[in-house]
Each structure stands twice: as C-alpha cells, then as structure tokens.
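Peer 1: To be precise about what I am sending: the file is called my_file_23.csv and holds CSV, C-alpha atoms and all ligand atoms.
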chain,number,residue,atom,x,y,z
A,252,MET,CA,-50.5,72.7,39.7
A,253,GLU,CA,-47.9,71.6,42.1
A,254,GLU,CA,-45.3,73.5,40.1
A,255,LYS,CA,-47.4,76.7,40.3
A,256,ILE,CA,-47.7,76.3,44.1
A,257,LYS,CA,-44.0,75.8,44.4
A,258,GLN,CA,-43.4,78.9,42.3
A,259,ILE,CA,-45.7,81.0,44.5
A,260,GLN,CA,-43.9,79.6,47.5
A,261,SER,CA,-40.4,80.5,46.4
A,262,GLU,CA,-41.4,83.9,45.0
A,263,TYR,CA,-43.2,85.0,48.2
A,264,LEU,CA,-40.7,83.5,50.7
A,265,GLU,CA,-38.0,85.6,49.0
A,266,LYS,CA,-40.1,88.8,49.0
A,267,THR,CA,-40.9,88.2,52.7
A,268,GLU,CA,-37.3,87.7,53.5
A,269,GLN,CA,-36.3,91.0,51.8
A,270,ALA,CA,-39.1,93.1,53.3
A,271,LYS,CA,-37.9,96.0,55.4
A,272,SER,CA,-41.0,97.4,56.9
A,273,LEU,CA,-44.4,96.3,58.4
A,274,GLY,CA,-46.1,98.1,55.5
A,275,GLU,CA,-44.3,96.0,52.9
A,276,LEU,CA,-45.3,92.8,54.8
A,277,ASP,CA,-48.9,93.9,54.8
A,278,GLU,CA,-48.8,94.3,51.0
A,279,ILE,CA,-47.3,90.8,50.6
A,280,PHE,CA,-49.9,89.4,52.9
A,281,LEU,CA,-52.7,90.9,50.9
A,282,ALA,CA,-51.2,89.7,47.6
A,283,LEU,CA,-51.4,86.2,49.0
A,284,PHE,CA,-54.4,86.1,51.3
A,285,GLY,CA,-56.5,89.1,50.3
A,286,LYS,CA,-59.8,88.8,48.5
A,287,ASN,CA,-58.0,88.3,45.2
A,288,GLY,CA,-54.8,86.9,46.7
A,289,GLU,CA,-52.9,84.1,44.9
A,290,ILE,CA,-53.4,81.7,47.7
A,291,THR,CA,-57.1,82.6,48.1
A,292,LEU,CA,-57.8,82.0,44.4
A,293,LEU,CA,-55.9,78.8,43.9
A,294,PRO,CA,-58.4,76.2,45.4
A,295,LYS,CA,-60.9,77.4,42.7
A,296,ASP,CA,-58.8,75.7,40.1
A,297,PHE,CA,-58.9,72.4,42.0
A,298,GLY,CA,-62.3,71.6,40.6
A,299,SER,CA,-60.9,71.2,37.1
A,300,LEU,CA,-58.3,68.7,38.2
A,301,PRO,CA,-58.5,64.9,38.3
A,302,LYS,CA,-59.3,63.5,41.7
A,303,ASP,CA,-55.9,61.8,42.1
A,304,GLU,CA,-54.1,65.1,41.4
A,305,VAL,CA,-56.3,66.9,43.9
A,306,LYS,CA,-55.4,64.3,46.5
A,307,ALA,CA,-51.7,64.9,45.8
A,308,VAL,CA,-51.8,68.6,45.5
A,309,ALA,CA,-54.0,69.5,48.5
A,310,PRO,CA,-51.5,68.6,51.2
A,311,VAL,CA,-48.8,70.6,49.4
A,312,PHE,CA,-51.1,73.5,49.1
A,313,ASN,CA,-51.9,73.5,52.8
A,314,GLN,CA,-48.3,73.1,53.8
A,315,VAL,CA,-47.2,76.0,51.6
A,316,LYS,CA,-50.1,78.2,52.8
A,317,GLN,CA,-49.0,77.6,56.4
A,318,GLU,CA,-45.4,78.1,55.6
A,319,LEU,CA,-46.0,81.5,54.0
A,320,GLU,CA,-48.3,82.6,56.8
A,321,LYS,CA,-45.6,81.7,59.4
A,322,ALA,CA,-42.8,83.3,57.3
A,323,ILE,CA,-44.8,86.6,57.2
A,324,ASN,CA,-45.5,86.5,61.0
A,325,ASP,CA,-42.0,85.7,61.9
A,326,LYS,CA,-40.7,88.6,59.7
A,327,ARG,CA,-43.2,90.9,61.4
A,328,TYR,CA,-41.9,89.9,64.8
A,329,ALA,CA,-38.3,90.4,63.6
A,330,ILE,CA,-39.0,93.9,62.2
A,331,ARG,CA,-40.7,95.0,65.5
A,332,GLU,CA,-37.8,93.6,67.6
A,333,GLU,CA,-35.4,95.5,65.5
A,334,GLY,CA,-37.3,98.7,66.1
A,335,TYR,CA,-37.4,98.2,69.8
A,336,LYS,CA,-33.7,97.6,69.9
A,337,LYS,CA,-33.0,100.8,68.0
A,338,LEU,CA,-35.2,102.7,70.6
A,339,GLU,CA,-33.2,101.1,73.4
A,340,GLN,CA,-29.9,102.3,72.0
A,341,GLU,CA,-31.1,105.8,71.3
A,342,THR,CA,-29.9,108.3,73.9
A,343,LEU,CA,-30.8,111.9,74.7
A,344,ASP,CA,-27.8,114.1,74.9
A,345,LEU,CA,-28.5,116.6,77.5
A,346,ASP,CA,-25.1,118.2,77.4
A,347,LYS,CA,-25.6,119.3,73.8
A,348,LYS,CA,-25.6,123.0,73.5
A,349,THR,CA,-29.0,124.4,72.5
A,350,GLU,CA,-30.0,127.9,71.6
A,351,ILE,CA,-32.8,129.1,74.0
A,352,LYS,CA,-35.1,131.8,72.8
A,353,LYS,CA,-33.8,134.9,74.5
A,354,ARG,CA,-37.0,137.1,74.4
A,355,GLN,CA,-38.6,137.3,77.8
A,356,GLY,CA,-41.1,139.5,79.5
A,357,HIS,CA,-40.8,142.0,82.4
A,358,LEU,CA,-43.0,143.6,85.0
A,359,HIS,CA,-45.4,146.3,83.9
A,360,PRO,CA,-43.9,149.8,84.6
A,361,LEU,CA,-46.8,150.4,87.0
A,362,THR,CA,-46.0,147.3,89.0
A,363,GLN,CA,-42.3,148.1,88.9
A,364,PHE,CA,-43.0,151.5,90.4
A,365,GLU,CA,-45.4,150.2,93.0
A,366,LYS,CA,-42.9,147.6,94.2
A,367,ARG,CA,-40.3,150.3,94.5
A,368,ILE,CA,-42.5,152.6,96.7
A,369,ALA,CA,-43.8,149.7,98.8
A,370,ASP,CA,-40.1,148.9,99.5
A,371,LEU,CA,-39.5,152.5,100.5
A,372,PHE,CA,-42.3,152.5,103.1
A,373,ALA,CA,-41.6,149.0,104.3
A,374,LYS,CA,-38.2,150.4,105.4
A,375,LEU,CA,-40.2,152.8,107.7
A,376,GLY,CA,-42.2,149.9,109.1
A,377,PHE,CA,-45.3,150.2,107.0
A,378,GLN,CA,-47.2,147.0,106.5
A,379,GLN,CA,-49.0,146.2,103.2
A,380,TYR,CA,-52.8,145.5,103.5
A,381,ASP,CA,-55.3,144.5,100.9
A,382,SER,CA,-59.0,145.4,100.8
A,383,PRO,CA,-61.8,144.3,98.4
A,384,GLN,CA,-62.1,146.1,95.1
A,385,LEU,CA,-65.9,145.4,95.2
A,386,ASP,CA,-66.8,146.7,98.6
A,387,THR,CA,-69.8,148.0,100.6
A,388,ASP,CA,-70.9,151.6,100.5
A,389,TYR,CA,-70.5,151.4,104.3
A,390,MET,CA,-66.8,150.6,104.3
A,391,THR,CA,-66.0,152.7,101.3
A,392,PHE,CA,-67.7,155.9,102.4
A,393,GLN,CA,-69.8,155.9,105.6
A,394,VAL,CA,-67.2,154.9,108.1
A,395,LEU,CA,-64.9,157.6,106.7
A,396,ASN,CA,-67.2,160.5,107.5
A,397,ILE,CA,-68.9,160.4,104.1
A,398,PRO,CA,-72.6,159.6,104.8
A,399,GLU,CA,-75.0,158.9,102.0
A,400,ASP,CA,-76.4,162.4,101.8
A,401,SER,CA,-73.0,164.1,101.9
A,402,PRO,CA,-72.2,166.5,99.1
A,403,ALA,CA,-68.7,165.2,99.3
A,404,ARG,CA,-70.0,162.1,97.4
A,405,ASP,CA,-70.0,164.3,94.3
A,406,LEU,CA,-66.2,164.4,94.4
A,407,GLN,CA,-65.9,160.8,93.5
A,408,ASP,CA,-68.2,159.6,90.7
A,409,THR,CA,-68.8,156.0,91.9
A,410,PHE,CA,-69.9,152.9,90.2
A,411,TYR,CA,-72.8,151.3,92.2
A,412,ILE,CA,-73.7,147.7,91.6
A,413,GLU,CA,-77.3,147.4,90.4
A,414,ASN,CA,-80.4,145.7,91.9
A,415,GLY,CA,-80.0,142.8,94.3
A,416,ALA,CA,-76.2,143.3,94.8
A,417,LEU,CA,-76.5,143.7,98.5
A,418,ALA,CA,-74.3,142.3,101.1
A,419,TYR,CA,-74.5,141.6,104.8
A,420,VAL,CA,-71.6,143.5,106.4
A,421,ASP,CA,-69.9,144.1,109.7
A,422,THR,CA,-71.8,147.2,110.7
A,423,PRO,CA,-72.7,147.7,114.4
A,424,ASP,CA,-76.1,146.2,113.5
A,425,LYS,CA,-75.0,142.8,112.0
A,426,ASP,CA,-78.1,142.4,110.0
A,427,THR,CA,-77.7,145.5,107.9
A,428,LYS,CA,-77.8,145.0,104.2
A,429,GLU,CA,-75.5,147.2,102.2
A,430,LYS,CA,-75.2,148.6,98.7
A,431,LEU,CA,-72.1,147.4,96.9
A,432,VAL,CA,-69.7,149.7,95.0
A,433,LEU,CA,-66.5,149.4,93.0
A,434,ARG,CA,-64.2,151.1,95.5
A,435,SER,CA,-63.3,154.7,94.4
A,436,HIS,CA,-60.3,154.9,96.6
A,437,THR,CA,-58.0,152.6,98.7
A,438,SER,CA,-59.3,154.3,101.9
A,439,ASN,CA,-61.8,151.4,102.3
A,440,SER,CA,-58.8,149.7,104.0
A,441,GLU,CA,-58.4,152.4,106.7
A,442,VAL,CA,-61.2,151.5,109.2
A,443,ARG,CA,-60.9,147.8,108.4
A,444,PHE,CA,-57.2,147.8,109.4
A,445,MET,CA,-57.9,149.9,112.5
A,446,ARG,CA,-60.5,147.4,113.7
A,447,GLU,CA,-58.0,144.6,113.3
A,448,HIS,CA,-55.0,146.4,114.9
A,449,GLN,CA,-54.1,148.5,117.9
A,450,PRO,CA,-52.0,151.7,117.6
A,451,PRO,CA,-49.2,152.4,116.8
A,452,ILE,CA,-50.5,151.7,113.3
A,453,ARG,CA,-48.4,151.9,110.1
A,454,MET,CA,-50.3,150.5,107.1
A,455,MET,CA,-50.0,150.9,103.4
A,456,ALA,CA,-52.6,150.0,100.8
A,457,ILE,CA,-51.8,149.7,97.1
A,458,GLY,CA,-54.4,148.8,94.5
A,459,ARG,CA,-56.9,149.2,91.8
A,460,CYS,CA,-59.8,151.8,92.1
A,461,PHE,CA,-62.6,152.8,89.9
A,462,ARG,CA,-64.5,156.0,89.0
A,463,TYR,CA,-67.0,157.0,86.5
A,464,GLU,CA,-64.7,159.5,84.7
A,465,ASN,CA,-64.8,161.3,81.5
A,466,LEU,CA,-61.8,159.7,79.9
A,467,ASP,CA,-58.9,161.8,78.6
A,468,ALA,CA,-55.1,161.9,78.7
A,469,ARG,CA,-55.1,162.3,82.5
A,470,HIS,CA,-58.2,160.4,83.5
A,471,GLU,CA,-59.0,156.7,83.5
A,472,HIS,CA,-62.0,154.8,84.9
A,473,THR,CA,-59.6,152.2,86.3
A,474,PHE,CA,-56.5,153.4,88.2
A,475,ASP,CA,-54.3,152.6,91.1
A,476,GLN,CA,-53.8,154.4,94.4
A,477,PHE,CA,-51.0,154.2,96.9
A,478,GLU,CA,-52.0,155.2,100.4
A,479,ILE,CA,-50.4,155.1,103.8
A,480,VAL,CA,-52.0,155.4,107.2
A,481,CYS,CA,-50.0,156.2,110.4
A,482,ILE,CA,-51.8,156.3,113.8
A,483,ASP,CA,-49.9,157.0,117.0
A,484,LYS,CA,-49.6,159.5,119.9
A,485,GLY,CA,-48.6,163.0,118.7
A,486,ILE,CA,-48.9,162.4,115.0
A,487,ASN,CA,-49.3,165.8,113.3
A,488,MET,CA,-49.0,167.8,110.0
A,489,GLY,CA,-45.2,167.9,110.5
A,490,ASN,CA,-45.1,164.1,109.9
A,491,LEU,CA,-47.0,164.6,106.7
A,492,GLN,CA,-44.4,167.1,105.5
A,493,TYR,CA,-41.6,164.7,106.4
A,494,LEU,CA,-43.2,161.7,104.7
A,495,SER,CA,-43.9,163.7,101.5
A,496,GLU,CA,-40.2,164.9,101.3
A,497,TYR,CA,-38.9,161.4,102.1
A,498,PHE,CA,-41.0,159.9,99.3
A,499,LEU,CA,-40.2,162.6,96.7
A,500,LYS,CA,-36.5,162.6,97.4
A,501,GLU,CA,-36.3,158.8,97.1
A,502,VAL,CA,-38.2,158.9,93.8
A,503,PHE,CA,-36.9,162.1,92.1
A,504,GLY,CA,-33.6,162.8,93.9
A,505,THR,CA,-32.3,165.1,96.6
A,506,GLU,CA,-33.0,168.3,94.7
A,507,ILE,CA,-36.8,168.1,95.1
A,508,LYS,CA,-38.8,169.9,97.8
A,509,ALA,CA,-42.4,169.2,98.9
A,510,ARG,CA,-45.1,171.5,100.1
A,511,LEU,CA,-48.5,171.0,101.6
A,512,ARG,CA,-51.3,173.2,100.4
A,513,THR,CA,-54.8,173.4,102.0
A,514,LYS,CA,-57.2,171.1,100.3
A,515,TYR,CA,-60.6,169.6,101.2
A,516,TYR,CA,-61.0,165.8,101.5
A,517,PRO,CA,-64.1,164.6,103.5
A,518,GLN,CA,-62.2,161.9,105.3
A,519,VAL,CA,-59.5,164.1,106.7
A,520,GLU,CA,-59.4,167.3,108.8
A,521,PRO,CA,-57.4,169.3,108.0
A,522,GLY,CA,-56.7,168.1,104.4
A,523,ALA,CA,-53.7,169.0,102.2
A,524,GLY,CA,-52.7,168.7,98.6
A,525,ILE,CA,-49.1,167.4,98.2
A,526,ASP,CA,-47.0,169.4,95.7
A,527,GLY,CA,-43.5,168.6,94.5
A,528,LEU,CA,-41.2,171.3,93.2
A,529,CYS,CA,-41.5,170.9,89.4
A,530,ILE,CA,-38.8,168.5,88.3
A,531,PHE,CA,-38.7,170.0,84.8
A,532,CYS,CA,-38.1,173.6,85.7
A,533,LYS,CA,-37.0,173.3,89.3
A,534,GLY,CA,-39.6,175.9,90.3
A,535,LYS,CA,-39.0,178.5,87.7
A,536,GLY,CA,-42.3,177.8,85.9
A,537,CYS,CA,-42.8,175.8,82.7
A,538,LYS,CA,-45.4,174.2,80.4
A,539,VAL,CA,-45.8,171.0,82.4
A,540,CYS,CA,-46.5,172.8,85.7
A,541,GLY,CA,-48.4,175.6,84.0
A,542,GLY,CA,-46.0,178.2,85.1
A,543,VAL,CA,-46.6,177.6,88.8
A,544,GLY,CA,-43.3,175.9,89.6
A,545,TRP,CA,-45.0,173.1,91.6
A,546,LEU,CA,-46.8,169.9,90.5
A,547,GLU,CA,-49.7,168.4,92.4
A,548,LEU,CA,-48.7,164.8,93.2
A,549,GLY,CA,-51.1,163.6,95.9
A,550,GLY,CA,-53.4,164.2,98.8
A,551,ALA,CA,-53.1,163.9,102.5
A,552,GLY,CA,-54.5,165.0,105.9
A,553,MET,CA,-55.1,164.2,109.5
A,554,ILE,CA,-57.6,161.3,109.6
A,555,HIS,CA,-61.1,162.7,110.7
A,556,PRO,CA,-62.0,161.8,114.3
A,557,VAL,CA,-65.2,160.2,113.1
A,558,ALA,CA,-63.2,157.7,111.0
A,559,LEU,CA,-60.8,157.0,113.9
A,560,LYS,CA,-63.7,156.4,116.3
A,561,ASN,CA,-65.3,154.1,113.7
A,562,GLY,CA,-62.1,152.1,113.8
A,563,GLY,CA,-62.2,151.9,117.6
A,564,ILE,CA,-59.3,154.4,118.2
A,565,ASP,CA,-59.4,156.6,121.3
A,566,THR,CA,-59.1,160.1,119.8
A,567,GLU,CA,-58.2,161.6,123.2
A,568,VAL,CA,-54.9,159.6,123.0
A,569,TYR,CA,-54.1,159.0,119.4
A,570,SER,CA,-54.2,161.0,116.1
A,571,GLY,CA,-53.5,159.7,112.6
A,572,LEU,CA,-52.5,160.7,109.2
A,573,ALA,CA,-53.4,159.4,105.7
A,574,TRP,CA,-51.2,160.1,102.7
A,575,GLY,CA,-51.7,159.0,99.2
A,576,ILE,CA,-50.5,159.5,95.6
A,577,SER,CA,-51.4,158.3,92.2
A,578,PRO,CA,-48.8,155.8,90.9
A,579,GLU,CA,-50.0,156.4,87.3
A,580,ARG,CA,-49.5,160.2,87.5
A,581,MET,CA,-46.0,159.6,89.1
A,582,ILE,CA,-44.7,157.3,86.4
A,583,MET,CA,-46.2,159.6,83.7
A,584,LEU,CA,-43.9,162.3,85.2
A,585,ILE,CA,-40.9,160.1,85.6
A,586,TYR,CA,-41.0,158.6,82.0
A,587,GLY,CA,-42.7,161.6,80.3
A,588,ILE,CA,-45.7,159.5,79.3
A,589,GLU,CA,-48.3,161.8,77.8
A,590,ASP,CA,-51.5,159.7,77.9
A,591,ILE,CA,-52.6,157.7,81.0
A,592,ARG,CA,-54.6,155.4,78.8
A,593,LEU,CA,-51.4,153.9,77.4
A,594,LEU,CA,-50.7,152.2,80.7
A,595,ARG,CA,-53.7,149.8,80.5
A,596,SER,CA,-53.8,149.6,76.8
A,597,GLY,CA,-51.9,146.3,76.7
A,598,ASP,CA,-49.9,147.8,73.8
A,599,LEU,CA,-46.6,145.8,73.6
A,600,LYS,CA,-44.9,148.5,71.6
A,601,PHE,CA,-45.4,150.9,74.5
A,602,LEU,CA,-44.7,148.4,77.3
A,603,GLU,CA,-41.4,147.1,75.8
A,604,LYS,CA,-39.9,150.5,76.3
A,605,PHE,CA,-39.7,150.0,80.1
A,701,ZN,ZN,-42.2,173.4,85.8
Would you give me this structure, written as structure tokens?
Peer 2:
Amino acid sequence: MEEKIKQIQSEYLEKTEQAKSLGELDEIFLALFGKNGEITLLPKDFGSLPKDEVKAVAPVFNQVKQELEKAINDKRYAIREEGYKKLEQETLDLDKKTEIKKRQGHLHPLTQFEKRIADLFAKLGFQQYDSPQLDTDYMTFQVLNIPEDSPARDLQDTFYIENGALAYVDTPDKDTKEKLVLRSHTSNSEVRFMREHQPPIRMMAIGRCFRYENLDARHEHTFDQFEIVCIDKGINMGNLQYLSEYFLKEVFGTEIKARLRTKYYPQVEPGAGIDGLCIFCKGKGCKVCGGVGWLELGGAGMIHPVALKNGGIDTEVYSGLAWGISPERMIMLIYGIEDIRLLRSGDLKFLEKF
C-alpha cells in the first residue's frame, strides 16, 4: 500500500511540475481529488488491511495528500505570476504605422448650398434666425396679413395638427389658444424677429417647411426655404433687384441677370417673382426654361404694412423687403438634378456624387 502511495506521489508531482496551464492543473487536481480521484478512492482499501499496516500507512497517506495539494496550489500561483509578468512587459507601440479606413462622409448637397448662401448674406450683415417648425396659425399666417378666412390660404396647402393640439401664444390677448400648424414657409420668423429687434433689421431664415403637396419631380411635402428680411428707412423695390442680382451672380457667375415680375403673395405689397436669365440657353429659349429664356427662382416683395405693424414697426418711418428662394430648386439647376425627391431619399448612390 505504501508503495502505491509513493508511486502516486512521484507520478503526480512530476505531472504537476510539467504543467503549463491552469487548465492542465485542474485536470491533475480532478484526477487526484475528484469524485473518482486516486487519492479520494485510496482510503476505501484501508478496510482490508491489517490494523498495524493501517497505523503505518495512514500518516504517509495524509502527508502525501497534503504534499500533492500544496504542489498543485504552488504551481497555480507560479503560472498566474508568470502571466502577470508577461502582461507587464507587453507594450503598445503607438508609433507603428496603421492603415486607417479612408472612406468618410460629407455634408448633404442641400446643406452645402445653404451654408454657402448663408455666408453670402452674412457678408452683407444679415443675421441668421431660427423659428419653430411646428408653430401657431397666428405666427405662421395671421400676423402676416393672412387671416383665417383669407382666400390666400389656398395658396399654401397646410398641415394642421389635429384635436387638442392647441398652444397658448404671445398674441395681444395672452390667454388666446391657437391652432398649431407645420409651418408652410419660413416667414413665421418675420414678425417674431421684428418684435425682438429694432430697425435697421437684416435677418435671414433658413429651414424646413411642410405643405400638403401632390408629389412629383418638382414638388415635395417637406422642403427648405431661404428667406431674408431687410427693414430700414427708404427700402424699396430697387433693393430687391440689387439683392437678386447679387445672389444670382455669386451663385451662377457674372453672366447672369435677374428680373422681377409682378406676382401676388399675401404677405407683401407689391409682390414679385424673381427670375434669372436661363443659365442653359442664356436667354435664347430652351427646353428647361420652356422657351421663355428666364427661370423662376424665388419670390419677393415689400413687406405688407399690416405685418410690419404687427411686428411693432413704425410704417411712417420704415419700410421692409422680404426675399426668398427654394434651395432645392437652386441645386437642381446647378447640378442638373431631375427629381426633387432624390434629395431626401437617403440614397447613398445619389449623395456620393456631391
Ligand atoms: Zn433656357
């Protein structure tokens, strides 16, 4: 029996000594001390031995058992320490040249263009101003000389927010509850800005608007507008002409001319459509301009006195102009984009061209 114990001792001490991983040590431990391990099973044989031999063998057995346990534990400790040392010696080489993925995004063509025109008008002293996209009927229409019963409402098919979407607003009567709309133009910023600022006023508003449109290649329910408002002494239609040419020349080059054509907008009086000399045929007439030689690019006019008064402006002293274009229509012209819906499609194949 003693011989068997000594044999287990030498065999497993050697195995333990040669083990290279914690996993191997676990296996050795189970082979000795597991449910059917050699050390676990040995005492069962003691019953068949004479008493004297048991007396002699038992201390040897206990000693070997402890020795093997200690050997395994010591080796575990040694393997762990070795691992920690390796970690300590490992270094991260930050100088090593690595290939960084070169693909990267860019601004949407609409955003690129809007930044460009905002820079153009910032040079003339115009200040950018944001208004809510979900706004009251009052600020979107009523203050601009477009009352609820006005036939002019038919010009802009507006999304109204259903039942219960009412807001308390800064009307002269503070307790007035108002219907909410998705703004159909950026002009909801006009009177707001006037109420916060004294003339001379130079404001520009760029942003998203919404209309209930029949969708086609030139119409979207969600679109952007770019609008500027200038209020000062002696502002007149001549300033509109100047601003239109300044803008078109900066965008399309010095060859282009602008013209103003009478057009009705309820919030201005008089109103004008802004036309640019067709950039494709230079006025001779072509398919894009329908043979006219001019392209309609925006709308403008002298701000209606009712709107100025609602903004607290003294119409005896000051007059003002409002001028706006559609950024989408402009970049469609610049890049020859045939369908407005591509711009908000999120189609990467399309967007990667810009
Ligand atoms: Zn043309």
Peer 1: Find the nearest atom pair between each residue of chain A and ligand ZN 701 (chain A) for residues within 8 Å, count all atoms listed in the file, give distances in Å to one decimal, sort rows by chain and ascending number, and present the table as JSON lines.
Peer 2:
{"residue": "A:Leu528", "atom": "CA", "partner": "A:ZN701", "partner_atom": "ZN", "distance": 7.8}
{"residue": "A:Cys529", "atom": "CA", "partner": "A:ZN701", "partner_atom": "ZN", "distance": 4.4}
{"residue": "A:Ile530", "atom": "CA", "partner": "A:ZN701", "partner_atom": "ZN", "distance": 6.5}
{"residue": "A:Phe531", "atom": "CA", "partner": "A:ZN701", "partner_atom": "ZN", "distance": 5.0}
{"residue": "A:Cys532", "atom": "CA", "partner": "A:ZN701", "partner_atom": "ZN", "distance": 4.1}
{"residue": "A:Lys533", "atom": "CA", "partner": "A:ZN701", "partner_atom": "ZN", "distance": 6.3}
{"residue": "A:Gly534", "atom": "CA", "partner": "A:ZN701", "partner_atom": "ZN", "distance": 5.8}
{"residue": "A:Lys535", "atom": "CA", "partner": "A:ZN701", "partner_atom": "ZN", "distance": 6.3}
{"residue": "A:Gly536", "atom": "CA", "partner": "A:ZN701", "partner_atom": "ZN", "distance": 4.4}
{"residue": "A:Cys537", "atom": "CA", "partner": "A:ZN701", "partner_atom": "ZN", "distance": 4.0}
{"residue": "A:Lys538", "atom": "CA", "partner": "A:ZN701", "partner_atom": "ZN", "distance": 6.3}
{"residue": "A:Val539", "atom": "CA", "partner": "A:ZN701", "partner_atom": "ZN", "distance": 5.5}
{"residue": "A:Cys540", "atom": "CA", "partner": "A:ZN701", "partner_atom": "ZN", "distance": 4.3}
{"residue": "A:Gly541", "atom": "CA", "partner": "A:ZN701", "partner_atom": "ZN", "distance": 6.8}
{"residue": "A:Gly542", "atom": "CA", "partner": "A:ZN701", "partner_atom": "ZN", "distance": 6.2}
{"residue": "A:Val543", "atom": "CA", "partner": "A:ZN701", "partner_atom": "ZN", "distance": 6.8}
{"residue": "A:Gly544", "atom": "CA", "partner": "A:ZN701", "partner_atom": "ZN", "distance": 4.7}
{"residue": "A:Trp545", "atom": "CA", "partner": "A:ZN701", "partner_atom": "ZN", "distance": 6.4}
{"residue": "A:Leu546", "atom": "CA", "partner": "A:ZN701", "partner_atom": "ZN", "distance": 7.4}
Peer 1: For A:Ile486, which residue among A:Thr349, A:Gln407, A:Gln258, A:Ser570 is the nearest when counting all atoms listed in the file?
Peer 2: A:Ser570
Peer 1: Can you work out which one of A:Leu375, A:Ile412, A:Val502, A:Leu593 has the shortest atom-to-atom distance to A:Met454, counting all atoms listed in the file?
Peer 2: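 Smallest separation from A:Met454 among the options: A:Leu375.
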Peer 1: Distance atom CA of A:Ile554-atom CA of A:Val442, one decimal place?
Peer 2: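 Rounded to one decimal, the two atoms are 10.4 Å apart.
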Peer 1: Would you kindly identify which residues have an atom no farther than 6 Å from (-67.5, 149.6, 94.2), using only C-alpha atoms and the file's own coordinates, and write them out as a ChimeraX atom specification?
Peer 2: /A:385-386,410-411,431-434
Peer 1: So, with only C-alpha atoms as the atoms that count, which of A:Arg469, A:Lys271, A:Lys302, A:His448 lies closest to A:Glu333?
Peer 2: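 The shortest atom-to-atom distance to A:Glu333 comes from A:Lys271.
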Peer 1: I'd like the interatomic distance between atom CA of A:Glu506 and atom CA of A:Gly527, to a tenth of an Å.
Peer 2: 10.5 Å
Peer 1: Pick from A:Pro451, A:Leu276, A:Arg459, A:Arg510: nearest to A:Phe377, with all atoms listed in the file counted?
Peer 2: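 For A:Phe377, the nearest of the candidates is A:Pro451.
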Peer 1: Between A:Ile507, A:Ala322, A:Leu599, A:Val480, which one has atoms that come closest to A:Ile452, using only C-alpha atoms?
Peer 2: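 Looking only at the distances to A:Ile452, the closest residue turns out to be A:Val480.
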Peer 1: Quick test: take stretch 563-576 of chain A, keep N, CA and C atoms, and write it as a compact mmCIF listing (two decimals), in the first residue's frame.
Peer 2:
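Wrote it out as decode.txt, contents follow:
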# COMPACT_ATOMS: atom_id res chain seq x y z
N GLY A 563 -44.49 95.72 -34.61
CA GLY A 563 -44.17 96.92 -33.83
C GLY A 563 -43.31 97.91 -34.59
N ILE A 564 -43.34 97.85 -35.93
CA ILE A 564 -42.53 98.76 -36.75
C ILE A 564 -43.37 99.97 -37.15
N ASP A 565 -42.79 101.15 -37.04
CA ASP A 565 -43.49 102.39 -37.43
C ASP A 565 -43.44 102.53 -38.96
N THR A 566 -44.59 102.26 -39.61
CA THR A 566 -44.60 102.23 -41.08
C THR A 566 -44.51 103.63 -41.69
N GLU A 567 -44.62 104.68 -40.87
CA GLU A 567 -44.43 106.05 -41.38
C GLU A 567 -42.94 106.30 -41.62
N VAL A 568 -42.10 105.59 -40.87
CA VAL A 568 -40.66 105.83 -40.93
C VAL A 568 -39.93 104.74 -41.73
N TYR A 569 -40.38 103.51 -41.53
CA TYR A 569 -39.62 102.38 -42.10
C TYR A 569 -40.43 101.60 -43.14
N SER A 570 -39.69 101.02 -44.06
CA SER A 570 -40.29 100.04 -44.97
C SER A 570 -39.37 98.82 -44.98
N GLY A 571 -39.90 97.71 -45.51
CA GLY A 571 -39.08 96.49 -45.47
C GLY A 571 -39.31 95.60 -46.65
N LEU A 572 -38.32 94.78 -46.95
CA LEU A 572 -38.48 93.81 -48.04
C LEU A 572 -38.28 92.40 -47.51
N ALA A 573 -38.95 91.47 -48.16
CA ALA A 573 -38.73 90.04 -47.89
C ALA A 573 -38.39 89.39 -49.22
N TRP A 574 -37.44 88.48 -49.17
CA TRP A 574 -36.90 87.89 -50.41
C TRP A 574 -36.59 86.42 -50.13
N GLY A 575 -37.05 85.52 -50.98
CA GLY A 575 -36.80 84.12 -50.66
C GLY A 575 -36.62 83.26 -51.90
N ILE A 576 -35.86 82.18 -51.74
CA ILE A 576 -35.69 81.23 -52.82
C ILE A 576 -35.83 79.80 -52.28
